[in-house]
Protein chains: 2
Amino acid sequence: MASRADLSTFNCSLARAVDVVGDPWALLVLREVLMGASTFTAFQRALGVARNILSDRLQRLVRHGVLRRAGSDARPSYELTDKGRALTPALVALMQWGDVWESGGKPPVELRDAQGREIAPVVVRGARGRAVAVKDLRFVAGPGADARTRARIATSHGAKARPVE
Amino acid sequence: MASRADLSTFNCSLARAVDVVGDPWALLVLREVLMGASTFTAFQRALGVARNILSDRLQRLVRHGVLRRAGSDARPSYELTDKGRALTPALVALMQWGDVWESGGKPPVELRDAQGREIAPVVVRGARGRAVAVKDLRFVAGPGADARTRARIATSHGAKARPVE
């Protein structure tokens with residue numbers, strides 16, 4: 001299996017994101033922080049994860065600037081940075097997908113806004129706010145594309161002339 | 001490290017989602033399919049992943065109903081099922097996060113709609129379409145909550161009386 005370092009060198013923002021948070025425990029620690037947990041003990045109790053693994057994942061999330069260490073040395077706590085908070089739409093989208101496809105439509109946990117109102121399913125929208133169907137998504141080379149990515153996109157455009165579905 | 005089977009037993013839709021797709025290669029294979037790739041050879045060439053690992057991840061995604069095997073036995077291809085297609089908002093949100101936080105705002109690849117217009121950043125919205133700030137998100141027990149989750153939520157509500165930030 002390729003190491004995480006390999007993924008970070010991919011010319012692909014999804015691979016780079018996955019390099020940081022594409023680990024089951026990393027994602028579940030972030031969920032715990034969103035739910036209000038902040039200490040090693042709280043994470044450990046909620047997740048039942050081995051201490052050495054939890055310690056490793058916390059260090060990694062801090063090193064990547066997703067979590068920030070706060071509190072005292074004797075009793076450290078962890079909080080989301082702006083970078084960590086920015087992962088929320090991805091986490092909510094994954095959780096909603098799990099609700100529908102892996103929890104039989106019976107969510108163990110539901111999200112509400114501050115007034116207790118339901119949260120909508122996360123969808124991909126165009127700049128004007130209209131939902132974009134998956135079959136209508138197109139990939140184009142961005143300002144950070146290398147030569148290989150440009151070649152890939154050219155090829156995949158051919159494939160996309162016939163939509164995915 | 002807990003096995004994936006352990007994660008599927010969590011009373012948590014995020015853990016259950018992560019059990020299916022919380023693997024770097026699984027996520028990157030799905031990206032390739034969205035970009036129009038469909039064969040083992042195409043995935044292998046794009047990702048540079050070892051054949052045995054790719055084979056394992058494809059089998060796993062098919063077993064979980066995220067991909068469907070098509071084509072002939074001699075030349076199988078893979079396509080998204082509805083369940084797989086439903087992962088798109090999560091993948092796009094992760095990719096956009098990577099664009100901002102791991103690609104220095106220079107995306108290697110950009111998404112467009114069928115008319116070539118930009119895609120908006122994926123955000124969490126309330127039922128009426130208004131964006132909901134992370135600090136305003138609340139967790140409540142859903143119809144699939146077990147006793148432990150109910151207790152957790154009760155506790156985290158206490159923590160949430162003081163918002164996360």
# chains A, B, ... in the order shown; residues from 1 in each chain; ligands from 1

$ residues_around --residues "Pro143 (chain B)" --least-positions-apart "6" --cutoff "10 Å" --atoms "only C-alpha atoms" --output "list in words"
Gly105, Lys106, Pro107, Pro108, Val109 and Glu110 of chain A

$ calpha_fit_and_write --fixed "chain A" --moving "chain B" --output "compact mmCIF listing (two decimals) with N, CA and C atoms, in the first residue's frame"
# COMPACT_ATOMS: atom_id res chain seq x y z
N MET B 1 0.75 -1.16 -0.07
CA MET B 1 -0.07 0.06 -0.01
C MET B 1 0.82 1.29 -0.02
N ALA B 2 0.50 2.23 -0.89
CA ALA B 2 1.32 3.44 -0.96
C ALA B 2 1.26 4.17 0.38
N SER B 3 2.33 4.78 0.76
CA SER B 3 2.34 5.53 2.01
C SER B 3 1.57 6.82 1.80
N ARG B 4 1.19 7.43 2.92
CA ARG B 4 0.47 8.69 2.84
C ARG B 4 1.31 9.76 2.16
N ALA B 5 2.62 9.68 2.34
CA ALA B 5 3.49 10.66 1.70
C ALA B 5 3.32 10.61 0.19
N ASP B 6 3.14 9.42 -0.36
CA ASP B 6 2.91 9.31 -1.79
C ASP B 6 1.66 10.08 -2.22
N LEU B 7 0.61 9.95 -1.42
CA LEU B 7 -0.65 10.60 -1.79
C LEU B 7 -0.50 12.12 -1.82
N SER B 8 0.30 12.65 -0.91
CA SER B 8 0.42 14.11 -0.85
C SER B 8 1.11 14.66 -2.09
N THR B 9 1.82 13.80 -2.82
CA THR B 9 2.51 14.27 -4.02
C THR B 9 1.64 14.15 -5.27
N PHE B 10 0.45 13.56 -5.14
CA PHE B 10 -0.46 13.48 -6.29
C PHE B 10 -0.85 14.90 -6.73
N ASN B 11 -1.00 15.08 -8.03
CA ASN B 11 -1.49 16.36 -8.55
C ASN B 11 -3.02 16.32 -8.51
N CYS B 12 -3.56 16.28 -7.29
CA CYS B 12 -5.00 16.05 -7.10
C CYS B 12 -5.38 16.48 -5.69
N SER B 13 -6.30 17.42 -5.60
CA SER B 13 -6.69 17.93 -4.29
C SER B 13 -7.44 16.90 -3.46
N LEU B 14 -8.10 15.96 -4.13
CA LEU B 14 -8.79 14.91 -3.36
C LEU B 14 -7.75 14.00 -2.71
N ALA B 15 -6.72 13.63 -3.47
CA ALA B 15 -5.66 12.78 -2.90
C ALA B 15 -4.98 13.50 -1.74
N ARG B 16 -4.75 14.80 -1.90
CA ARG B 16 -4.08 15.56 -0.84
C ARG B 16 -4.97 15.67 0.40
N ALA B 17 -6.28 15.80 0.18
CA ALA B 17 -7.21 15.83 1.31
C ALA B 17 -7.22 14.47 2.00
N VAL B 18 -7.26 13.43 1.20
CA VAL B 18 -7.29 12.06 1.71
C VAL B 18 -6.00 11.75 2.48
N ASP B 19 -4.92 12.33 2.04
CA ASP B 19 -3.65 12.14 2.74
C ASP B 19 -3.74 12.65 4.18
N VAL B 20 -4.52 13.70 4.38
CA VAL B 20 -4.64 14.29 5.72
C VAL B 20 -5.74 13.62 6.55
N VAL B 21 -6.89 13.38 5.93
CA VAL B 21 -8.04 12.90 6.71
C VAL B 21 -8.63 11.59 6.21
N GLY B 22 -7.97 10.94 5.26
CA GLY B 22 -8.53 9.70 4.70
C GLY B 22 -8.24 8.50 5.57
N ASP B 23 -8.47 8.64 6.82
CA ASP B 23 -8.22 7.57 7.78
C ASP B 23 -9.46 7.48 8.67
N PRO B 24 -9.97 6.27 8.88
CA PRO B 24 -11.21 6.15 9.66
C PRO B 24 -11.15 6.88 10.99
N TRP B 25 -10.07 6.70 11.73
CA TRP B 25 -10.02 7.29 13.07
C TRP B 25 -9.89 8.80 13.03
N ALA B 26 -9.18 9.32 12.05
CA ALA B 26 -9.07 10.77 11.93
C ALA B 26 -10.46 11.38 11.72
N LEU B 27 -11.24 10.77 10.84
CA LEU B 27 -12.59 11.29 10.57
C LEU B 27 -13.48 11.19 11.79
N LEU B 28 -13.33 10.09 12.53
CA LEU B 28 -14.20 9.91 13.70
C LEU B 28 -13.78 10.83 14.86
N VAL B 29 -12.49 11.12 14.96
CA VAL B 29 -12.06 12.10 15.96
C VAL B 29 -12.67 13.47 15.63
N LEU B 30 -12.67 13.83 14.36
CA LEU B 30 -13.25 15.12 13.98
C LEU B 30 -14.74 15.17 14.30
N ARG B 31 -15.43 14.06 14.08
CA ARG B 31 -16.84 13.99 14.45
C ARG B 31 -17.00 14.24 15.95
N GLU B 32 -16.14 13.62 16.75
CA GLU B 32 -16.23 13.80 18.20
C GLU B 32 -16.03 15.26 18.59
N VAL B 33 -15.07 15.91 17.94
CA VAL B 33 -14.82 17.32 18.25
C VAL B 33 -16.05 18.16 17.89
N LEU B 34 -16.64 17.87 16.73
CA LEU B 34 -17.86 18.59 16.35
C LEU B 34 -18.98 18.38 17.36
N MET B 35 -19.00 17.20 17.97
CA MET B 35 -20.05 16.90 18.95
C MET B 35 -19.72 17.46 20.33
N GLY B 36 -18.57 18.10 20.46
CA GLY B 36 -18.27 18.77 21.73
C GLY B 36 -17.20 18.10 22.57
N ALA B 37 -16.69 16.95 22.16
CA ALA B 37 -15.60 16.30 22.90
C ALA B 37 -14.30 17.06 22.64
N SER B 38 -13.39 17.06 23.61
CA SER B 38 -12.14 17.80 23.39
C SER B 38 -10.93 17.15 24.03
N THR B 39 -11.10 16.15 24.86
CA THR B 39 -9.94 15.57 25.54
C THR B 39 -9.66 14.14 25.06
N PHE B 40 -8.41 13.75 25.25
CA PHE B 40 -7.99 12.41 24.89
C PHE B 40 -8.92 11.36 25.51
N THR B 41 -9.21 11.54 26.79
CA THR B 41 -10.06 10.58 27.49
C THR B 41 -11.45 10.51 26.86
N ALA B 42 -11.99 11.67 26.50
CA ALA B 42 -13.33 11.68 25.90
C ALA B 42 -13.33 10.97 24.54
N PHE B 43 -12.30 11.24 23.73
CA PHE B 43 -12.21 10.57 22.43
C PHE B 43 -12.08 9.07 22.63
N GLN B 44 -11.22 8.71 23.56
CA GLN B 44 -10.93 7.30 23.77
C GLN B 44 -12.18 6.55 24.22
N ARG B 45 -12.93 7.17 25.12
CA ARG B 45 -14.13 6.54 25.65
C ARG B 45 -15.19 6.41 24.54
N ALA B 46 -15.32 7.46 23.74
CA ALA B 46 -16.37 7.43 22.70
C ALA B 46 -16.05 6.44 21.59
N LEU B 47 -14.77 6.34 21.24
CA LEU B 47 -14.41 5.56 20.05
C LEU B 47 -13.89 4.16 20.37
N GLY B 48 -13.44 3.97 21.60
CA GLY B 48 -12.89 2.66 21.95
C GLY B 48 -11.64 2.32 21.14
N VAL B 49 -10.93 3.33 20.71
CA VAL B 49 -9.73 3.12 19.89
C VAL B 49 -8.51 2.96 20.80
N ALA B 50 -7.55 2.17 20.34
CA ALA B 50 -6.32 1.97 21.13
C ALA B 50 -5.62 3.30 21.37
N ARG B 51 -5.04 3.46 22.56
CA ARG B 51 -4.44 4.74 22.94
C ARG B 51 -3.32 5.17 21.99
N ASN B 52 -2.50 4.22 21.57
CA ASN B 52 -1.38 4.61 20.70
C ASN B 52 -1.88 5.10 19.33
N ILE B 53 -2.96 4.49 18.85
CA ILE B 53 -3.50 4.92 17.56
C ILE B 53 -4.14 6.29 17.70
N LEU B 54 -4.92 6.47 18.76
CA LEU B 54 -5.55 7.78 18.99
C LEU B 54 -4.49 8.87 19.12
N SER B 55 -3.45 8.57 19.88
CA SER B 55 -2.37 9.53 20.07
C SER B 55 -1.72 9.91 18.73
N ASP B 56 -1.49 8.89 17.91
CA ASP B 56 -0.91 9.14 16.59
C ASP B 56 -1.82 10.01 15.73
N ARG B 57 -3.11 9.71 15.71
CA ARG B 57 -4.04 10.46 14.86
C ARG B 57 -4.18 11.90 15.33
N LEU B 58 -4.20 12.10 16.65
CA LEU B 58 -4.29 13.47 17.18
C LEU B 58 -3.05 14.27 16.79
N GLN B 59 -1.88 13.66 16.97
CA GLN B 59 -0.64 14.35 16.59
C GLN B 59 -0.64 14.72 15.12
N ARG B 60 -1.12 13.78 14.32
CA ARG B 60 -1.16 14.01 12.88
C ARG B 60 -2.11 15.15 12.52
N LEU B 61 -3.28 15.17 13.14
CA LEU B 61 -4.25 16.23 12.86
C LEU B 61 -3.74 17.59 13.33
N VAL B 62 -3.00 17.60 14.44
CA VAL B 62 -2.40 18.86 14.91
C VAL B 62 -1.30 19.29 13.95
N ARG B 63 -0.47 18.33 13.53
CA ARG B 63 0.64 18.66 12.63
C ARG B 63 0.12 19.24 11.30
N HIS B 64 -1.00 18.73 10.85
CA HIS B 64 -1.57 19.23 9.59
C HIS B 64 -2.45 20.46 9.80
N GLY B 65 -2.54 20.93 11.04
CA GLY B 65 -3.28 22.17 11.28
C GLY B 65 -4.79 22.01 11.25
N VAL B 66 -5.28 20.79 11.41
CA VAL B 66 -6.73 20.55 11.42
C VAL B 66 -7.27 20.74 12.84
N LEU B 67 -6.49 20.31 13.81
CA LEU B 67 -6.81 20.54 15.22
C LEU B 67 -5.70 21.40 15.84
N ARG B 68 -6.07 22.09 16.92
CA ARG B 68 -5.11 22.88 17.66
C ARG B 68 -5.12 22.37 19.11
N ARG B 69 -3.92 22.24 19.69
CA ARG B 69 -3.82 21.82 21.08
C ARG B 69 -4.08 23.02 21.98
N ALA B 70 -4.94 22.83 22.96
CA ALA B 70 -5.23 23.90 23.92
C ALA B 70 -5.15 23.29 25.31
N GLY B 71 -5.57 24.02 26.32
CA GLY B 71 -5.53 23.51 27.69
C GLY B 71 -4.11 23.46 28.21
N SER B 72 -3.94 22.82 29.35
CA SER B 72 -2.62 22.75 29.98
C SER B 72 -1.86 21.52 29.50
N ASP B 73 -0.56 21.48 29.77
CA ASP B 73 0.22 20.30 29.41
C ASP B 73 -0.31 19.07 30.14
N ALA B 74 -0.72 19.28 31.39
CA ALA B 74 -1.21 18.16 32.19
C ALA B 74 -2.56 17.66 31.66
N ARG B 75 -3.34 18.57 31.15
CA ARG B 75 -4.66 18.18 30.66
C ARG B 75 -4.94 18.88 29.32
N PRO B 76 -4.27 18.39 28.26
CA PRO B 76 -4.45 19.04 26.96
C PRO B 76 -5.86 18.81 26.42
N SER B 77 -6.32 19.74 25.65
CA SER B 77 -7.57 19.53 24.93
C SER B 77 -7.34 19.91 23.48
N TYR B 78 -8.27 19.58 22.65
CA TYR B 78 -8.11 19.77 21.21
C TYR B 78 -9.32 20.51 20.67
N GLU B 79 -9.05 21.48 19.81
CA GLU B 79 -10.17 22.18 19.20
C GLU B 79 -9.93 22.35 17.71
N LEU B 80 -11.01 22.57 16.98
CA LEU B 80 -10.90 22.73 15.54
C LEU B 80 -10.25 24.06 15.19
N THR B 81 -9.38 24.05 14.22
CA THR B 81 -8.89 25.28 13.61
C THR B 81 -9.86 25.65 12.48
N ASP B 82 -9.60 26.77 11.82
CA ASP B 82 -10.43 27.11 10.65
C ASP B 82 -10.32 26.01 9.60
N LYS B 83 -9.12 25.48 9.46
CA LYS B 83 -8.90 24.42 8.47
C LYS B 83 -9.72 23.18 8.82
N GLY B 84 -9.77 22.85 10.10
CA GLY B 84 -10.56 21.70 10.53
C GLY B 84 -12.04 21.95 10.38
N ARG B 85 -12.46 23.15 10.74
CA ARG B 85 -13.88 23.51 10.64
C ARG B 85 -14.35 23.44 9.19
N ALA B 86 -13.44 23.74 8.27
CA ALA B 86 -13.78 23.74 6.85
C ALA B 86 -14.06 22.34 6.31
N LEU B 87 -13.77 21.33 7.10
CA LEU B 87 -14.07 19.95 6.68
C LEU B 87 -15.53 19.57 6.94
N THR B 88 -16.25 20.42 7.65
CA THR B 88 -17.61 20.07 8.05
C THR B 88 -18.53 19.66 6.88
N PRO B 89 -18.55 20.40 5.78
CA PRO B 89 -19.44 19.96 4.70
C PRO B 89 -19.13 18.54 4.22
N ALA B 90 -17.86 18.19 4.14
CA ALA B 90 -17.49 16.84 3.72
C ALA B 90 -17.95 15.81 4.75
N LEU B 91 -17.77 16.10 6.03
CA LEU B 91 -18.18 15.16 7.08
C LEU B 91 -19.70 15.00 7.10
N VAL B 92 -20.40 16.11 6.96
CA VAL B 92 -21.87 16.04 6.97
C VAL B 92 -22.36 15.26 5.75
N ALA B 93 -21.74 15.49 4.59
CA ALA B 93 -22.15 14.77 3.39
C ALA B 93 -21.91 13.27 3.55
N LEU B 94 -20.79 12.89 4.13
CA LEU B 94 -20.51 11.46 4.37
C LEU B 94 -21.50 10.85 5.37
N MET B 95 -21.79 11.61 6.41
CA MET B 95 -22.73 11.13 7.42
C MET B 95 -24.12 10.96 6.82
N GLN B 96 -24.53 11.92 6.00
CA GLN B 96 -25.86 11.82 5.36
C GLN B 96 -25.91 10.64 4.41
N TRP B 97 -24.81 10.40 3.72
CA TRP B 97 -24.75 9.24 2.82
C TRP B 97 -24.90 7.96 3.65
N GLY B 98 -24.21 7.90 4.77
CA GLY B 98 -24.32 6.75 5.66
C GLY B 98 -25.74 6.58 6.18
N ASP B 99 -26.41 7.70 6.48
CA ASP B 99 -27.80 7.64 6.95
C ASP B 99 -28.68 6.91 5.94
N VAL B 100 -28.52 7.29 4.67
CA VAL B 100 -29.40 6.76 3.63
C VAL B 100 -29.02 5.34 3.25
N TRP B 101 -27.71 5.11 3.05
CA TRP B 101 -27.27 3.88 2.41
C TRP B 101 -26.73 2.81 3.36
N GLU B 102 -26.38 3.20 4.58
CA GLU B 102 -25.81 2.21 5.50
C GLU B 102 -26.58 2.13 6.82
N SER B 103 -27.49 3.07 7.05
CA SER B 103 -28.27 3.02 8.28
C SER B 103 -29.75 2.80 7.97
N GLY B 104 -30.05 2.35 6.77
CA GLY B 104 -31.42 2.04 6.39
C GLY B 104 -32.39 3.19 6.58
N GLY B 105 -31.88 4.43 6.38
CA GLY B 105 -32.76 5.58 6.53
C GLY B 105 -33.16 5.87 7.97
N LYS B 106 -32.51 5.17 8.92
CA LYS B 106 -32.79 5.45 10.34
C LYS B 106 -31.53 6.01 10.99
N PRO B 107 -31.29 7.30 10.85
CA PRO B 107 -30.07 7.91 11.37
C PRO B 107 -29.95 7.74 12.88
N PRO B 108 -28.79 7.29 13.36
CA PRO B 108 -28.56 7.28 14.80
C PRO B 108 -28.51 8.70 15.37
N VAL B 109 -27.95 9.59 14.56
CA VAL B 109 -27.78 10.98 15.00
C VAL B 109 -28.28 11.89 13.89
N GLU B 110 -29.01 12.92 14.25
CA GLU B 110 -29.45 13.89 13.25
C GLU B 110 -28.89 15.26 13.56
N LEU B 111 -28.73 16.04 12.51
CA LEU B 111 -28.21 17.39 12.66
C LEU B 111 -29.35 18.40 12.64
N ARG B 112 -29.20 19.42 13.43
CA ARG B 112 -30.17 20.52 13.45
C ARG B 112 -29.41 21.84 13.43
N ASP B 113 -30.10 22.92 13.06
CA ASP B 113 -29.48 24.23 13.19
C ASP B 113 -29.74 24.75 14.61
N ALA B 114 -29.28 25.95 14.90
CA ALA B 114 -29.36 26.47 16.28
C ALA B 114 -30.81 26.60 16.76
N GLN B 115 -31.74 26.69 15.80
CA GLN B 115 -33.16 26.78 16.18
C GLN B 115 -33.84 25.42 16.19
N GLY B 116 -33.06 24.36 16.01
CA GLY B 116 -33.63 23.02 16.06
C GLY B 116 -34.25 22.56 14.75
N ARG B 117 -34.05 23.32 13.70
CA ARG B 117 -34.61 22.93 12.40
C ARG B 117 -33.68 21.97 11.67
N GLU B 118 -34.27 21.14 10.81
CA GLU B 118 -33.48 20.14 10.08
C GLU B 118 -32.45 20.74 9.14
N ILE B 119 -31.42 19.96 8.90
CA ILE B 119 -30.39 20.32 7.93
C ILE B 119 -30.74 19.63 6.61
N ALA B 120 -30.53 20.33 5.51
CA ALA B 120 -30.84 19.75 4.19
C ALA B 120 -29.73 18.80 3.75
N PRO B 121 -30.07 17.87 2.86
CA PRO B 121 -29.00 17.05 2.27
C PRO B 121 -28.00 17.95 1.54
N VAL B 122 -26.72 17.67 1.75
CA VAL B 122 -25.67 18.44 1.08
C VAL B 122 -25.67 18.07 -0.41
N VAL B 123 -25.73 19.05 -1.28
CA VAL B 123 -25.71 18.78 -2.72
C VAL B 123 -24.68 19.67 -3.41
N VAL B 124 -24.30 19.28 -4.61
CA VAL B 124 -23.37 20.07 -5.41
C VAL B 124 -24.18 21.09 -6.19
N ARG B 125 -23.80 22.36 -6.07
CA ARG B 125 -24.54 23.43 -6.75
C ARG B 125 -23.63 24.25 -7.66
N GLY B 126 -24.24 24.82 -8.68
CA GLY B 126 -23.52 25.72 -9.55
C GLY B 126 -23.38 27.08 -8.89
N ALA B 127 -22.64 27.99 -9.54
CA ALA B 127 -22.38 29.30 -8.95
C ALA B 127 -23.68 30.05 -8.66
N ARG B 128 -24.74 29.77 -9.43
CA ARG B 128 -26.02 30.48 -9.19
C ARG B 128 -26.92 29.76 -8.21
N GLY B 129 -26.42 28.68 -7.61
CA GLY B 129 -27.19 28.02 -6.56
C GLY B 129 -28.05 26.86 -7.03
N ARG B 130 -28.04 26.59 -8.33
CA ARG B 130 -28.85 25.46 -8.80
C ARG B 130 -28.09 24.14 -8.61
N ALA B 131 -28.81 23.09 -8.22
CA ALA B 131 -28.18 21.77 -8.04
C ALA B 131 -27.67 21.26 -9.38
N VAL B 132 -26.49 20.67 -9.37
CA VAL B 132 -25.88 20.12 -10.59
C VAL B 132 -25.87 18.60 -10.48
N ALA B 133 -26.47 17.92 -11.47
CA ALA B 133 -26.51 16.46 -11.46
C ALA B 133 -25.11 15.91 -11.71
N VAL B 134 -24.84 14.74 -11.15
CA VAL B 134 -23.53 14.12 -11.29
C VAL B 134 -23.16 13.96 -12.76
N LYS B 135 -24.12 13.55 -13.57
CA LYS B 135 -23.81 13.31 -14.99
C LYS B 135 -23.45 14.59 -15.72
N ASP B 136 -23.77 15.75 -15.11
CA ASP B 136 -23.45 17.02 -15.76
C ASP B 136 -22.13 17.62 -15.29
N LEU B 137 -21.48 16.96 -14.34
CA LEU B 137 -20.19 17.49 -13.86
C LEU B 137 -19.11 17.27 -14.91
N ARG B 138 -18.29 18.29 -15.11
CA ARG B 138 -17.16 18.18 -16.03
C ARG B 138 -15.88 18.53 -15.28
N PHE B 139 -14.80 17.92 -15.67
CA PHE B 139 -13.50 18.21 -15.06
C PHE B 139 -12.66 19.00 -16.06
N VAL B 140 -12.09 20.10 -15.60
CA VAL B 140 -11.19 20.86 -16.46
C VAL B 140 -9.87 21.08 -15.71
N ALA B 141 -8.82 21.31 -16.45
CA ALA B 141 -7.52 21.55 -15.81
C ALA B 141 -7.56 22.89 -15.09
N GLY B 142 -7.09 22.91 -13.86
CA GLY B 142 -7.04 24.14 -13.08
C GLY B 142 -5.66 24.75 -13.11
N PRO B 143 -5.48 25.88 -12.41
CA PRO B 143 -4.18 26.57 -12.42
C PRO B 143 -3.04 25.74 -11.82
N GLY B 144 -3.39 24.71 -11.03
CA GLY B 144 -2.34 23.89 -10.43
C GLY B 144 -2.10 22.59 -11.18
N ALA B 145 -2.66 22.45 -12.38
CA ALA B 145 -2.51 21.19 -13.13
C ALA B 145 -1.09 21.02 -13.65
N ASP B 146 -0.56 19.81 -13.52
CA ASP B 146 0.72 19.53 -14.17
C ASP B 146 0.44 18.90 -15.54
N ALA B 147 1.53 18.59 -16.26
CA ALA B 147 1.36 18.11 -17.65
C ALA B 147 0.55 16.82 -17.69
N ARG B 148 0.80 15.95 -16.72
CA ARG B 148 0.10 14.66 -16.71
C ARG B 148 -1.40 14.85 -16.49
N THR B 149 -1.74 15.75 -15.56
CA THR B 149 -3.15 16.01 -15.30
C THR B 149 -3.82 16.60 -16.54
N ARG B 150 -3.11 17.49 -17.22
CA ARG B 150 -3.67 18.08 -18.44
C ARG B 150 -3.97 16.99 -19.47
N ALA B 151 -3.05 16.05 -19.59
CA ALA B 151 -3.26 14.96 -20.54
C ALA B 151 -4.44 14.09 -20.10
N ARG B 152 -4.52 13.79 -18.80
CA ARG B 152 -5.62 13.01 -18.25
C ARG B 152 -6.96 13.65 -18.57
N ILE B 153 -7.03 14.95 -18.32
CA ILE B 153 -8.28 15.68 -18.52
C ILE B 153 -8.68 15.62 -19.99
N ALA B 154 -7.70 15.78 -20.86
CA ALA B 154 -8.00 15.72 -22.29
C ALA B 154 -8.62 14.36 -22.63
N THR B 155 -8.05 13.29 -22.08
CA THR B 155 -8.56 11.95 -22.32
C THR B 155 -9.95 11.79 -21.73
N SER B 156 -10.11 12.22 -20.48
CA SER B 156 -11.39 11.97 -19.81
C SER B 156 -12.49 12.79 -20.45
N HIS B 157 -12.12 13.91 -21.05
CA HIS B 157 -13.12 14.68 -21.78
C HIS B 157 -13.71 13.85 -22.90
N GLY B 158 -12.84 13.09 -23.55
CA GLY B 158 -13.34 12.19 -24.59
C GLY B 158 -14.37 11.25 -24.00
N ALA B 159 -14.03 10.64 -22.87
CA ALA B 159 -14.95 9.71 -22.23
C ALA B 159 -16.24 10.40 -21.83
N LYS B 160 -16.11 11.68 -21.44
CA LYS B 160 -17.28 12.39 -20.95
C LYS B 160 -18.18 12.87 -22.08
N ALA B 161 -17.72 12.75 -23.34
CA ALA B 161 -18.61 13.10 -24.44
C ALA B 161 -19.85 12.21 -24.36
N ARG B 162 -19.63 10.96 -23.91
CA ARG B 162 -20.75 10.11 -23.53
C ARG B 162 -20.84 10.20 -22.02
N PRO B 163 -21.95 10.77 -21.49
CA PRO B 163 -22.03 10.97 -20.04
C PRO B 163 -21.83 9.67 -19.27
N VAL B 164 -21.44 9.82 -18.01
CA VAL B 164 -21.14 8.67 -17.14
C VAL B 164 -22.28 7.67 -17.10
N GLU B 165 -23.50 8.18 -17.06
CA GLU B 165 -24.64 7.25 -16.91
C GLU B 165 -25.06 6.67 -18.26

$ select_by_dssp --residues "chain A" --states "strand (DSSP E)" --output "ChimeraX atom specification"
/A:67-71,76-80,109-112,138-141

$ write_last_selection --atoms "C-alpha atoms" --output "short mmCIF file (atom, residue, chain, number, x, y, z; two decimals), in the first residue's frame"
data_model
loop_
_atom_site.label_atom_id
_atom_site.label_comp_id
_atom_site.auth_asym_id
_atom_site.auth_seq_id
_atom_site.Cartn_x
_atom_site.Cartn_y
_atom_site.Cartn_z
CA LEU A 67 -6.81 20.54 15.22
CA ARG A 68 -5.10 22.88 17.66
CA ARG A 69 -3.81 21.82 21.07
CA ALA A 70 -5.21 23.88 23.91
CA GLY A 71 -5.51 23.51 27.67
CA PRO A 76 -4.44 19.03 26.96
CA SER A 77 -7.57 19.53 24.92
CA TYR A 78 -8.11 19.77 21.20
CA GLU A 79 -10.18 22.19 19.19
CA LEU A 80 -10.91 22.73 15.53
CA VAL A 109 -27.79 10.99 15.00
CA GLU A 110 -29.46 13.89 13.25
CA LEU A 111 -28.23 17.40 12.66
CA ARG A 112 -30.17 20.53 13.45
CA ARG A 138 -17.16 18.17 -16.02
CA PHE A 139 -13.49 18.21 -15.06
CA VAL A 140 -11.19 20.86 -16.46
CA ALA A 141 -7.52 21.55 -15.82
#

$ select_by_dssp --residues "chain A" --states "helix (DSSP H, G or I)" --output "PyMOL selection string"
chain A and resi 4-8+13-21+24-34+40-47+51-63+82-85+88-101+134-136+147-161
